[in-house]
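Enquirer: Have a look at the structure that comes next, please.
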Amino acid sequence: MAKSARRSVSGHGNSTSGLGTVVRFTPKASSDGVQQLEKSGFRVASSRDFRSAAAVPNDFDGADVQYFERFGIAIVRRDGEKLKPMLENAVQRKVVSAVRPERSYRALGGPATRHLDCKPDTSILTTAQSFDYLLGYRDGVNDLIDRLLGRKAAGGLIASTVFDETSSTWGLQVVRVLESALSGAGIKVAVLDTGFDETHQDFVGRAVKKKLFATNSSEDDVHGHGTHCIGTACGPLRPTTGPRYGIAYDAEIYAGKVLGDDGFGTDRSIIAGMDWALDEGCHIISMSLGAPTQVGDSPSDDYEQIGRVCLDAGTLVVAAAGNESSRPQRIAPVSSPANASTILAVGAIDRSLDPASFSCGGLNPGQEVDVAAPGVDILSSLPDDKYDRWDGTSMATPHVAGVAALIAESDQKLRGWALWARLIQITKPLPHPARDVGKGLLQARGSGEI
């Protein structure tokens with residue numbers, strides 16, 4: 001498809017319309033639950049029926065229920081009143097353990113406050129140099145203030161270090177990617193997002209597999225969020241223009257479009273994407289998406305169960321902690337699905353190594369931020385050979401996914417639970433509450449691990 005036509009999309013619409021009901025079966029009782037649905041007159045389509053298809057049909061291929069057998073979860077998309085008596089009976093018989101309305105989720109990142117559209121031409125590069133000079137000046141002033149105040153971060157890092165982004169982004173520098181000789185070779189990274197522009201000049205020749213799950217959506221990354229996240233996690237060693245911004249440059253990319261052209265998706269599309277990633281043998285699933293939660297909310301038991309299945313299968317799931325805070329006035333709790341204890345929740349820090357103003361915190365018991373990563377003023381790829389600086393826990397999450405790919409490459413035993421443990425082990429403490437940064441700043445290279 002010609003790049004000039006990529007933005008002219010048919011079928012664009014609200015990807016969250018027609019929300020259904022999420023049904024979680026009791027372990028080892030899923031087959032009984034499915035039979036009850038069928039006996040009640042519901043047509044059930046198993047996710048395995050679509051595994052060889054290029055895209056999951058938006059209308060379930062006419063079925064009433066999408067059943068994800070490996071997760072023990074079904075999503076019923078119509079006839080709620082007809083479903084109610086069947087579910088009441090199934091709960092009494094302990095065939096069904098939980099029922100809830102399907103939720104809407106959104107992309108958790110966007111253009112930075114200081115917007116720079118880095119197009120590959122001389123005039124823009126000159127602007128970028130001026131921009132970097134101003135950032136360097138600002139960081140220098142902040143660094144001087146922090147030194148005078150004696151404010152230092154653990155591990156020898158000084159807050160507000162001056163970052164020279166001539167050759168690499170500040171995010172790659174603080175997570176110590178440049179010190180690693182690893183490339184993510186042999187590791188499969190699934191990014192479940194708004195899609196991916198695989199024709200971007202920096203990704204020509206890369207191993208990429210795509211699949212569409214979002215409802216009423218095109219196959220292209222019209223939004224741009226997915227291409228930006230994939231750029232950070234798996235971007236090139238030597239981009240066509242500008243500094244290096246990608247981490248696992250040899251990793252295999254699996255781009256599942258679970259969020260529509262409008263940046264929104266549902267449980268239906270997200271769970272289908274996770275199911276597909278496991279089918280493909282992906283070692284890491286990165287999800288820069290979420291739905292806000294409130295203080296006192298419980299984590300989603302559905303994603304607790306899904307995350308556990310993934311970890312047991314050797315797949316680590318990382319997700320954005322959320323952007324609902326407005327620090328210092330208000331800190332919001334970690335979003336769903338990152339608030340599940342079996343999904344690695346990623347908070348965002350800024351250039352001063354402080355929690356980003358928007359980054360959510362671990363306010364609800366057991367719903368913690370696990371690690372922190374750069375999420376402010378992050379330069380990465382966008383569709384149509386473009387680049388931009390974006391903010392969000394969405395931008396922090398692919399830093400973790402990319403580093404996880406490097407660590408996974410270092411040892412075949414580091415899969416699933418073991419990979420999670422290793423990542424936590426090599427984080428560097430930060431002088432902030434665990435509520436905000438978890439165990440600390442993730443590092444691509446620790447003492448002797450690779």
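Identifiers in the structure tokens: chain A, B, ... in order shown; residue index from 1 per chain; ligand index from 1 in order shown.
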Skip region 64-73 of chain A itself and residues of its chain fewer than 5 positions away, then list as a list of chain:residue names all residues within 6 Å of it, counting only C-alpha atoms.

Expert: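 My reading of the contact set: A:Val23, A:Arg24, A:Phe25, A:Ser30, A:Phe42, A:Arg43, A:Val44, A:Ala45, A:Ser46, A:Ser47, A:Ile306.
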
Enquirer: Output all heavy atoms for every residue in that selection, as a compact mmCIF listing (two decimals), in the first residue's frame.

Expert:
```
# COMPACT_ATOMS: atom_id res chain seq x y z
N VAL A 23 -17.13 -13.71 31.30
CA VAL A 23 -17.45 -14.85 32.17
C VAL A 23 -16.18 -15.65 32.42
O VAL A 23 -15.52 -16.08 31.48
CB VAL A 23 -18.51 -15.76 31.52
CG1 VAL A 23 -18.81 -16.97 32.42
CG2 VAL A 23 -19.78 -14.98 31.23
N ARG A 24 -15.85 -15.82 33.70
CA ARG A 24 -14.66 -16.62 34.04
C ARG A 24 -15.12 -17.93 34.68
O ARG A 24 -15.82 -17.94 35.68
CB ARG A 24 -13.75 -15.86 35.01
CG ARG A 24 -12.52 -16.64 35.43
CD ARG A 24 -11.46 -15.70 36.01
NE ARG A 24 -12.02 -14.78 36.98
CZ ARG A 24 -12.17 -15.04 38.27
NH1 ARG A 24 -11.83 -16.22 38.76
NH2 ARG A 24 -12.69 -14.14 39.08
N PHE A 25 -14.70 -19.01 34.05
CA PHE A 25 -15.09 -20.33 34.53
C PHE A 25 -14.19 -20.79 35.67
O PHE A 25 -13.01 -20.39 35.75
CB PHE A 25 -15.03 -21.35 33.40
CG PHE A 25 -15.97 -21.06 32.27
CD1 PHE A 25 -15.49 -20.71 31.01
CD2 PHE A 25 -17.35 -21.12 32.45
CE1 PHE A 25 -16.34 -20.43 29.96
CE2 PHE A 25 -18.22 -20.84 31.41
CZ PHE A 25 -17.72 -20.50 30.16
N SER A 30 -14.39 -25.47 32.73
CA SER A 30 -14.67 -24.66 31.53
C SER A 30 -15.53 -25.40 30.52
O SER A 30 -16.46 -24.83 29.94
CB SER A 30 -13.36 -24.24 30.88
OG SER A 30 -12.63 -23.37 31.72
N PHE A 42 -26.79 -20.36 23.00
CA PHE A 42 -25.73 -19.48 22.55
C PHE A 42 -24.79 -20.21 21.59
O PHE A 42 -24.40 -21.35 21.85
CB PHE A 42 -24.89 -18.97 23.73
CG PHE A 42 -25.63 -18.01 24.63
CD1 PHE A 42 -26.31 -18.48 25.75
CD2 PHE A 42 -25.64 -16.66 24.35
CE1 PHE A 42 -26.99 -17.61 26.58
CE2 PHE A 42 -26.31 -15.78 25.18
CZ PHE A 42 -26.99 -16.25 26.29
N ARG A 43 -24.46 -19.55 20.51
CA ARG A 43 -23.47 -20.11 19.59
C ARG A 43 -22.08 -19.71 20.07
O ARG A 43 -21.78 -18.52 20.17
CB ARG A 43 -23.69 -19.60 18.16
CG ARG A 43 -22.68 -20.20 17.17
CD ARG A 43 -22.81 -19.60 15.79
NE ARG A 43 -21.67 -19.97 14.98
CZ ARG A 43 -21.33 -19.37 13.85
NH1 ARG A 43 -22.05 -18.36 13.41
NH2 ARG A 43 -20.28 -19.75 13.17
N VAL A 44 -21.24 -20.69 20.37
CA VAL A 44 -19.92 -20.44 20.95
C VAL A 44 -18.84 -20.66 19.90
O VAL A 44 -18.81 -21.68 19.22
CB VAL A 44 -19.67 -21.37 22.15
CG1 VAL A 44 -18.28 -21.11 22.75
CG2 VAL A 44 -20.75 -21.17 23.22
N ALA A 45 -17.94 -19.66 19.76
CA ALA A 45 -16.79 -19.77 18.87
C ALA A 45 -15.53 -19.80 19.72
O ALA A 45 -15.28 -18.88 20.50
CB ALA A 45 -16.75 -18.60 17.90
N SER A 46 -14.74 -20.87 19.58
CA SER A 46 -13.49 -20.96 20.34
C SER A 46 -12.40 -20.18 19.64
O SER A 46 -12.36 -20.09 18.41
CB SER A 46 -13.08 -22.43 20.47
OG SER A 46 -11.79 -22.54 21.04
N SER A 47 -11.49 -19.61 20.44
CA SER A 47 -10.39 -18.85 19.86
C SER A 47 -9.54 -19.71 18.93
O SER A 47 -8.92 -19.20 18.00
CB SER A 47 -9.52 -18.27 20.98
OG SER A 47 -9.00 -19.28 21.81
N ILE A 306 -5.14 -14.83 33.67
CA ILE A 306 -4.48 -14.79 32.37
C ILE A 306 -2.98 -14.61 32.54
O ILE A 306 -2.17 -15.28 31.88
CB ILE A 306 -5.07 -13.67 31.50
CG1 ILE A 306 -6.51 -14.00 31.12
CG2 ILE A 306 -4.23 -13.45 30.25
CD1 ILE A 306 -7.26 -12.85 30.48
```

Enquirer: Please provide as number ranges by chain all residues within 12 Å of Val309 (chain A), with the sequence filter that same-chain residues fewer than 2 positions apart are discarded (counting only C-alpha atoms).

Expert: A: 27, 68-73, 274-275, 278, 302-307, 311-317, 342-343, 416-417

Enquirer: Create the file for the chosen residues now, containing C-alpha atoms and written as a JSON list (two decimals), in the first residue's frame.

Expert:
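Heads up, here's the output in result_28.json:
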```
[["chain", "number", "residue", "atom", "x", "y", "z"],
["A", 27, "PRO", "CA", -10.68, -24.09, 36.82],
["A", 68, "PHE", "CA", -10.63, -18.55, 25.22],
["A", 69, "GLU", "CA", -10.03, -22.10, 26.34],
["A", 70, "ARG", "CA", -6.47, -21.74, 27.67],
["A", 71, "PHE", "CA", -7.58, -18.87, 29.93],
["A", 72, "GLY", "CA", -10.93, -20.34, 30.97],
["A", 73, "ILE", "CA", -12.71, -17.14, 29.96],
["A", 274, "MET", "CA", -2.68, -12.32, 24.44],
["A", 275, "ASP", "CA", -4.00, -15.71, 23.32],
["A", 278, "LEU", "CA", 1.03, -17.43, 23.36],
["A", 302, "ASP", "CA", -9.55, -12.41, 35.01],
["A", 303, "TYR", "CA", -6.16, -10.84, 34.31],
["A", 304, "GLU", "CA", -4.72, -12.44, 37.44],
["A", 305, "GLN", "CA", -5.64, -15.77, 35.87],
["A", 306, "ILE", "CA", -4.48, -14.79, 32.37],
["A", 307, "GLY", "CA", -1.15, -13.47, 33.66],
["A", 311, "LEU", "CA", 3.95, -16.90, 33.17],
["A", 312, "ASP", "CA", 3.47, -20.66, 33.50],
["A", 313, "ALA", "CA", 3.86, -20.90, 29.72],
["A", 314, "GLY", "CA", 7.15, -18.97, 29.87],
["A", 315, "THR", "CA", 5.75, -15.60, 28.76],
["A", 316, "LEU", "CA", 6.24, -12.39, 30.74],
["A", 317, "VAL", "CA", 3.49, -9.76, 30.48],
["A", 342, "THR", "CA", 0.76, -11.60, 37.67],
["A", 343, "ILE", "CA", 1.39, -8.71, 35.27],
["A", 416, "GLY", "CA", 8.19, -16.39, 32.55],
["A", 417, "TRP", "CA", 8.52, -16.32, 36.34]]
```

Enquirer: Fewer than 4 positions away in the same chain doesn't count, so skip those; otherwise give me all residues within 9 Å of Arg106 (chain A), counting only C-alpha atoms, as a list in words.

Expert: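 Returned residues: Leu259, Asp262, Gly263, Phe264, Gly265, Thr266, Ser288, Leu289, Gly290 and Ala291 of chain A.
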
Enquirer: Identify, with DSSP run on backbone atoms, the residues in region 238-357 of chain A assigned to helix (DSSP H, G or I), and express the list as a PyMOL selection string.

Expert: chain A and resi 267-279+301-312

Enquirer: So, counting only C-alpha atoms, which residue among A:Asn323, A:Asn364, A:Asn216, A:Ser380 is closest to His399 (chain A)?

Expert: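 Using only C-alpha atoms, His399 (chain A) sits closest to A:Ser380.
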
Enquirer: Counting only C-alpha atoms, which residue out of A:Val162, A:Ala107, A:Ala255, A:Cys310 sits closest to Met395 (chain A)?

Expert: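 Of the candidates, the smallest distance to Met395 (chain A) is held by A:Ala107.
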
Enquirer: Based on DSSP run over this structure's backbone, return all residues of region 210-369 of chain A in strand (DSSP E), as an NGL selection string.

Expert: :A and (210-212 or 252-257 or 264-266 or 284-287 or 289-290 or 316-320 or 344-349)

Enquirer: Quote the spacing between CA of Gly20 (chain A) and CA of Arg103 (chain A) in Å to one decimal place.

Expert: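 Straight-line distance from CA of Gly20 (chain A) to CA of Arg103 (chain A) works out to 8.4 Å.
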
Enquirer: Measuring atom to atom with only C-alpha atoms, identify which of A:Val376, A:Val174, A:Ala277, A:Leu19 is nearest to Lys211 (chain A).

Expert: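 For Lys211 (chain A), the nearest of the candidates is A:Ala277.
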
Enquirer: Using only C-alpha atoms, I'd like a table of the residues in region 307-415 of chain A that come within 8 Å of region 180-195 of chain A; for each, show the closest atom pair and its distance in Å rounded to one decimal, ordered by chain and ascending number, as a Markdown table.

Expert:
```
| residue | atom | partner | partner_atom | distance |
| --- | --- | --- | --- | --- |
| A:Ala401 | CA | A:Val189 | CA | 7.6 |
| A:Gly402 | CA | A:Gly184 | CA | 7.8 |
| A:Ala405 | CA | A:Gly184 | CA | 5.1 |
| A:Leu406 | CA | A:Gly184 | CA | 4.7 |
| A:Ile407 | CA | A:Gly184 | CA | 8.0 |
| A:Ala408 | CA | A:Ile187 | CA | 7.2 |
| A:Glu409 | CA | A:Gly184 | CA | 5.6 |
| A:Ser410 | CA | A:Leu182 | CA | 7.4 |
```

Enquirer: Okay, now the selection with C-alpha atoms, as an mmCIF file, in the first residue's frame?

Expert:
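Heads up, here's the output in out.cif:
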```cif
data_model
loop_
_atom_site.group_PDB
_atom_site.id
_atom_site.type_symbol
_atom_site.label_atom_id
_atom_site.label_comp_id
_atom_site.auth_asym_id
_atom_site.auth_seq_id
_atom_site.Cartn_x
_atom_site.Cartn_y
_atom_site.Cartn_z
ATOM 1 C CA ALA A 401 9.852 -5.006 27.292
ATOM 2 C CA GLY A 402 13.024 -4.264 25.319
ATOM 3 C CA ALA A 405 14.215 -9.239 25.621
ATOM 4 C CA LEU A 406 17.931 -8.619 26.181
ATOM 5 C CA ILE A 407 17.910 -10.419 29.516
ATOM 6 C CA ALA A 408 15.885 -13.300 28.044
ATOM 7 C CA GLU A 409 18.470 -13.661 25.286
ATOM 8 C CA SER A 410 21.267 -13.987 27.860
#
```

Enquirer: Which of these residues is nearest to Asp220 (chain A), using only C-alpha atoms: A:Gly296, A:Gly347, A:Gly375, A:Pro383?

Expert: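 When distances to Asp220 (chain A) are compared using only C-alpha atoms, the smallest one comes from A:Pro383.
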
Enquirer: Identify, on the basis of only C-alpha atoms, every residue whose closest approach to Ile253 (chain A) does not exceed 10 Å; exclude the query and any residue fewer than 2 positions from it along the same chain; express the result as a PDB file with all heavy atoms, in the first residue's frame.

Expert:
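Saved as out-v8.pdb:
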```pdb
ATOM      1  N   ILE A 187      14.509 -13.748  20.389  1.00  0.00           N
ATOM      2  CA  ILE A 187      13.415 -13.474  21.326  1.00  0.00           C
ATOM      3  C   ILE A 187      12.234 -12.876  20.576  1.00  0.00           C
ATOM      4  O   ILE A 187      12.383 -11.970  19.743  1.00  0.00           O
ATOM      5  CB  ILE A 187      13.878 -12.511  22.445  1.00  0.00           C
ATOM      6  CG1 ILE A 187      15.087 -13.093  23.177  1.00  0.00           C
ATOM      7  CG2 ILE A 187      12.736 -12.229  23.410  1.00  0.00           C
ATOM      8  CD1 ILE A 187      14.849 -14.450  23.808  1.00  0.00           C
ATOM      9  N   LYS A 188      11.041 -13.381  20.878  1.00  0.00           N
ATOM     10  CA  LYS A 188       9.813 -12.904  20.246  1.00  0.00           C
ATOM     11  C   LYS A 188       9.097 -11.948  21.199  1.00  0.00           C
ATOM     12  O   LYS A 188       8.755 -12.322  22.322  1.00  0.00           O
ATOM     13  CB  LYS A 188       8.892 -14.075  19.916  1.00  0.00           C
ATOM     14  CG  LYS A 188       9.482 -15.068  18.915  1.00  0.00           C
ATOM     15  CD  LYS A 188       8.504 -16.212  18.649  1.00  0.00           C
ATOM     16  CE  LYS A 188       9.044 -17.183  17.616  1.00  0.00           C
ATOM     17  NZ  LYS A 188       8.074 -18.282  17.326  1.00  0.00           N
ATOM     18  N   VAL A 189       8.895 -10.719  20.729  1.00  0.00           N
ATOM     19  CA  VAL A 189       8.251  -9.687  21.539  1.00  0.00           C
ATOM     20  C   VAL A 189       6.915  -9.310  20.905  1.00  0.00           C
ATOM     21  O   VAL A 189       6.872  -8.844  19.761  1.00  0.00           O
ATOM     22  CB  VAL A 189       9.139  -8.437  21.656  1.00  0.00           C
ATOM     23  CG1 VAL A 189       8.436  -7.358  22.483  1.00  0.00           C
ATOM     24  CG2 VAL A 189      10.490  -8.788  22.278  1.00  0.00           C
ATOM     25  N   ALA A 190       5.834  -9.516  21.645  1.00  0.00           N
ATOM     26  CA  ALA A 190       4.507  -9.132  21.171  1.00  0.00           C
ATOM     27  C   ALA A 190       4.138  -7.791  21.780  1.00  0.00           C
ATOM     28  O   ALA A 190       4.168  -7.631  23.000  1.00  0.00           O
ATOM     29  CB  ALA A 190       3.473 -10.181  21.551  1.00  0.00           C
ATOM     30  N   VAL A 191       3.811  -6.830  20.938  1.00  0.00           N
ATOM     31  CA  VAL A 191       3.326  -5.529  21.401  1.00  0.00           C
ATOM     32  C   VAL A 191       1.862  -5.423  21.000  1.00  0.00           C
ATOM     33  O   VAL A 191       1.532  -5.398  19.808  1.00  0.00           O
ATOM     34  CB  VAL A 191       4.143  -4.375  20.800  1.00  0.00           C
ATOM     35  CG1 VAL A 191       3.595  -3.039  21.284  1.00  0.00           C
ATOM     36  CG2 VAL A 191       5.618  -4.505  21.189  1.00  0.00           C
ATOM     37  N   PHE A 196       1.062  -1.362  13.818  1.00  0.00           N
ATOM     38  CA  PHE A 196       2.463  -1.064  13.530  1.00  0.00           C
ATOM     39  C   PHE A 196       2.647  -0.749  12.055  1.00  0.00           C
ATOM     40  O   PHE A 196       2.098  -1.439  11.197  1.00  0.00           O
ATOM     41  CB  PHE A 196       3.327  -2.268  13.923  1.00  0.00           C
ATOM     42  CG  PHE A 196       4.795  -2.100  13.659  1.00  0.00           C
ATOM     43  CD1 PHE A 196       5.482  -0.967  14.073  1.00  0.00           C
ATOM     44  CD2 PHE A 196       5.501  -3.098  12.996  1.00  0.00           C
ATOM     45  CE1 PHE A 196       6.839  -0.823  13.824  1.00  0.00           C
ATOM     46  CE2 PHE A 196       6.858  -2.969  12.753  1.00  0.00           C
ATOM     47  CZ  PHE A 196       7.527  -1.817  13.163  1.00  0.00           C
ATOM     48  N   GLU A 198       5.037  -1.308   9.597  1.00  0.00           N
ATOM     49  CA  GLU A 198       6.241  -2.099   9.316  1.00  0.00           C
ATOM     50  C   GLU A 198       6.994  -1.580   8.094  1.00  0.00           C
ATOM     51  O   GLU A 198       8.135  -2.012   7.845  1.00  0.00           O
ATOM     52  CB  GLU A 198       5.883  -3.575   9.134  1.00  0.00           C
ATOM     53  CG  GLU A 198       5.264  -3.944   7.803  1.00  0.00           C
ATOM     54  CD  GLU A 198       3.795  -3.590   7.685  1.00  0.00           C
ATOM     55  OE1 GLU A 198       3.250  -2.925   8.611  1.00  0.00           O
ATOM     56  OE2 GLU A 198       3.167  -3.998   6.684  1.00  0.00           O
ATOM     57  N   ARG A 206      13.021  -6.255   8.738  1.00  0.00           N
ATOM     58  CA  ARG A 206      12.857  -6.876  10.058  1.00  0.00           C
ATOM     59  C   ARG A 206      11.801  -7.978  10.017  1.00  0.00           C
ATOM     60  O   ARG A 206      10.869  -7.954   9.211  1.00  0.00           O
ATOM     61  CB  ARG A 206      12.446  -5.834  11.089  1.00  0.00           C
ATOM     62  CG  ARG A 206      13.559  -4.892  11.506  1.00  0.00           C
ATOM     63  CD  ARG A 206      14.635  -5.583  12.341  1.00  0.00           C
ATOM     64  NE  ARG A 206      14.108  -6.016  13.616  1.00  0.00           N
ATOM     65  CZ  ARG A 206      14.011  -5.234  14.700  1.00  0.00           C
ATOM     66  NH1 ARG A 206      14.380  -3.957  14.632  1.00  0.00           N
ATOM     67  NH2 ARG A 206      13.552  -5.717  15.827  1.00  0.00           N
ATOM     68  N   ALA A 207      11.948  -8.955  10.915  1.00  0.00           N
ATOM     69  CA  ALA A 207      10.962 -10.027  11.047  1.00  0.00           C
ATOM     70  C   ALA A 207       9.761  -9.483  11.817  1.00  0.00           C
ATOM     71  O   ALA A 207       9.861  -9.191  13.015  1.00  0.00           O
ATOM     72  CB  ALA A 207      11.581 -11.215  11.790  1.00  0.00           C
ATOM     73  N   VAL A 208       8.641  -9.342  11.122  1.00  0.00           N
ATOM     74  CA  VAL A 208       7.442  -8.764  11.717  1.00  0.00           C
ATOM     75  C   VAL A 208       6.235  -9.624  11.358  1.00  0.00           C
ATOM     76  O   VAL A 208       6.063 -10.022  10.203  1.00  0.00           O
ATOM     77  CB  VAL A 208       7.197  -7.322  11.223  1.00  0.00           C
ATOM     78  CG1 VAL A 208       5.912  -6.764  11.813  1.00  0.00           C
ATOM     79  CG2 VAL A 208       8.380  -6.422  11.555  1.00  0.00           C
ATOM     80  N   LYS A 209       5.398  -9.897  12.352  1.00  0.00           N
ATOM     81  CA  LYS A 209       4.133 -10.579  12.110  1.00  0.00           C
ATOM     82  C   LYS A 209       3.031  -9.743  12.732  1.00  0.00           C
ATOM     83  O   LYS A 209       3.139  -9.303  13.876  1.00  0.00           O
ATOM     84  CB  LYS A 209       4.143 -11.988  12.704  1.00  0.00           C
ATOM     85  CG  LYS A 209       2.922 -12.817  12.299  1.00  0.00           C
ATOM     86  CD  LYS A 209       3.103 -14.291  12.615  1.00  0.00           C
ATOM     87  CE  LYS A 209       1.948 -15.122  12.076  1.00  0.00           C
ATOM     88  NZ  LYS A 209       2.142 -16.579  12.324  1.00  0.00           N
ATOM     89  N   LYS A 210       1.961  -9.509  11.960  1.00  0.00           N
ATOM     90  CA  LYS A 210       0.874  -8.652  12.409  1.00  0.00           C
ATOM     91  C   LYS A 210      -0.452  -9.415  12.413  1.00  0.00           C
ATOM     92  O   LYS A 210      -0.652 -10.326  11.625  1.00  0.00           O
ATOM     93  CB  LYS A 210       0.747  -7.423  11.493  1.00  0.00           C
ATOM     94  CG  LYS A 210       1.968  -6.534  11.448  1.00  0.00           C
ATOM     95  CD  LYS A 210       1.872  -5.483  10.359  1.00  0.00           C
ATOM     96  CE  LYS A 210       0.699  -4.560  10.539  1.00  0.00           C
ATOM     97  NZ  LYS A 210       0.676  -3.475   9.529  1.00  0.00           N
ATOM     98  N   ILE A 230       6.620   0.103  19.717  1.00  0.00           N
ATOM     99  CA  ILE A 230       7.480  -0.907  19.101  1.00  0.00           C
ATOM    100  C   ILE A 230       8.849  -0.316  18.802  1.00  0.00           C
ATOM    101  O   ILE A 230       9.878  -0.993  18.925  1.00  0.00           O
ATOM    102  CB  ILE A 230       6.811  -1.473  17.831  1.00  0.00           C
ATOM    103  CG1 ILE A 230       5.627  -2.356  18.237  1.00  0.00           C
ATOM    104  CG2 ILE A 230       7.812  -2.268  16.985  1.00  0.00           C
ATOM    105  CD1 ILE A 230       4.812  -2.883  17.076  1.00  0.00           C
ATOM    106  N   ALA A 233      10.821  -0.512  22.111  1.00  0.00           N
ATOM    107  CA  ALA A 233      11.128  -1.888  22.514  1.00  0.00           C
ATOM    108  C   ALA A 233      12.073  -2.573  21.544  1.00  0.00           C
ATOM    109  O   ALA A 233      13.001  -3.279  21.966  1.00  0.00           O
ATOM    110  CB  ALA A 233       9.833  -2.694  22.645  1.00  0.00           C
ATOM    111  N   CYS A 234      11.858  -2.378  20.242  1.00  0.00           N
ATOM    112  CA  CYS A 234      12.552  -3.194  19.231  1.00  0.00           C
ATOM    113  C   CYS A 234      13.130  -2.375  18.085  1.00  0.00           C
ATOM    114  O   CYS A 234      13.403  -2.922  17.007  1.00  0.00           O
ATOM    115  CB  CYS A 234      11.589  -4.236  18.664  1.00  0.00           C
ATOM    116  SG  CYS A 234      10.826  -5.308  19.884  1.00  0.00           S
ATOM    117  N   GLY A 235      13.319  -1.083  18.278  1.00  0.00           N
ATOM    118  CA  GLY A 235      13.836  -0.233  17.208  1.00  0.00           C
ATOM    119  C   GLY A 235      15.260  -0.581  16.818  1.00  0.00           C
ATOM    120  O   GLY A 235      15.937  -1.376  17.473  1.00  0.00           O
ATOM    121  N   ALA A 248      15.838  -3.726  21.741  1.00  0.00           N
ATOM    122  CA  ALA A 248      16.076  -5.104  21.262  1.00  0.00           C
ATOM    123  C   ALA A 248      16.007  -5.121  19.737  1.00  0.00           C
ATOM    124  O   ALA A 248      15.027  -5.570  19.144  1.00  0.00           O
ATOM    125  CB  ALA A 248      15.068  -6.061  21.874  1.00  0.00           C
ATOM    126  N   TYR A 249      17.070  -4.665  19.088  1.00  0.00           N
ATOM    127  CA  TYR A 249      17.042  -4.414  17.645  1.00  0.00           C
ATOM    128  C   TYR A 249      17.058  -5.675  16.792  1.00  0.00           C
ATOM    129  O   TYR A 249      16.843  -5.616  15.588  1.00  0.00           O
ATOM    130  CB  TYR A 249      18.190  -3.484  17.246  1.00  0.00           C
ATOM    131  CG  TYR A 249      19.569  -3.937  17.667  1.00  0.00           C
ATOM    132  CD1 TYR A 249      20.318  -4.805  16.882  1.00  0.00           C
ATOM    133  CD2 TYR A 249      20.122  -3.475  18.861  1.00  0.00           C
ATOM    134  CE1 TYR A 249      21.586  -5.223  17.262  1.00  0.00           C
ATOM    135  CE2 TYR A 249      21.392  -3.876  19.254  1.00  0.00           C
ATOM    136  CZ  TYR A 249      22.123  -4.748  18.460  1.00  0.00           C
ATOM    137  OH  TYR A 249      23.375  -5.157  18.850  1.00  0.00           O
ATOM    138  N   ASP A 250      17.315  -6.826  17.373  1.00  0.00           N
ATOM    139  CA  ASP A 250      17.271  -8.087  16.630  1.00  0.00           C
ATOM    140  C   ASP A 250      16.080  -8.958  17.021  1.00  0.00           C
ATOM    141  O   ASP A 250      15.941 -10.085  16.520  1.00  0.00           O
ATOM    142  CB  ASP A 250      18.561  -8.879  16.840  1.00  0.00           C
ATOM    143  CG  ASP A 250      19.683  -8.429  15.921  1.00  0.00           C
ATOM    144  OD1 ASP A 250      19.369  -7.881  14.849  1.00  0.00           O
ATOM    145  OD2 ASP A 250      20.858  -8.631  16.267  1.00  0.00           O
ATOM    146  N   ALA A 251      15.238  -8.496  17.919  1.00  0.00           N
ATOM    147  CA  ALA A 251      14.081  -9.285  18.353  1.00  0.00           C
ATOM    148  C   ALA A 251      13.067  -9.422  17.227  1.00  0.00           C
ATOM    149  O   ALA A 251      12.989  -8.578  16.332  1.00  0.00           O
ATOM    150  CB  ALA A 251      13.432  -8.636  19.568  1.00  0.00           C
ATOM    151  N   ALA A 255       3.110  -7.740  16.209  1.00  0.00           N
ATOM    152  CA  ALA A 255       2.272  -6.564  16.428  1.00  0.00           C
ATOM    153  C   ALA A 255       0.803  -6.950  16.366  1.00  0.00           C
ATOM    154  O   ALA A 255       0.255  -7.171  15.286  1.00  0.00           O
ATOM    155  CB  ALA A 255       2.591  -5.491  15.385  1.00  0.00           C
ATOM    156  N   GLY A 256       0.172  -7.040  17.521  1.00  0.00           N
ATOM    157  CA  GLY A 256      -1.251  -7.344  17.585  1.00  0.00           C
ATOM    158  C   GLY A 256      -2.036  -6.051  17.749  1.00  0.00           C
ATOM    159  O   GLY A 256      -1.835  -5.314  18.723  1.00  0.00           O
ATOM    160  N   CYS A 282       5.544 -16.256  21.893  1.00  0.00           N
ATOM    161  CA  CYS A 282       6.217 -15.018  22.295  1.00  0.00           C
ATOM    162  C   CYS A 282       6.730 -15.118  23.728  1.00  0.00           C
ATOM    163  O   CYS A 282       6.047 -15.649  24.612  1.00  0.00           O
ATOM    164  CB  CYS A 282       5.266 -13.837  22.153  1.00  0.00           C
ATOM    165  SG  CYS A 282       4.859 -13.455  20.425  1.00  0.00           S
TER     166      CYS A 282
END
```
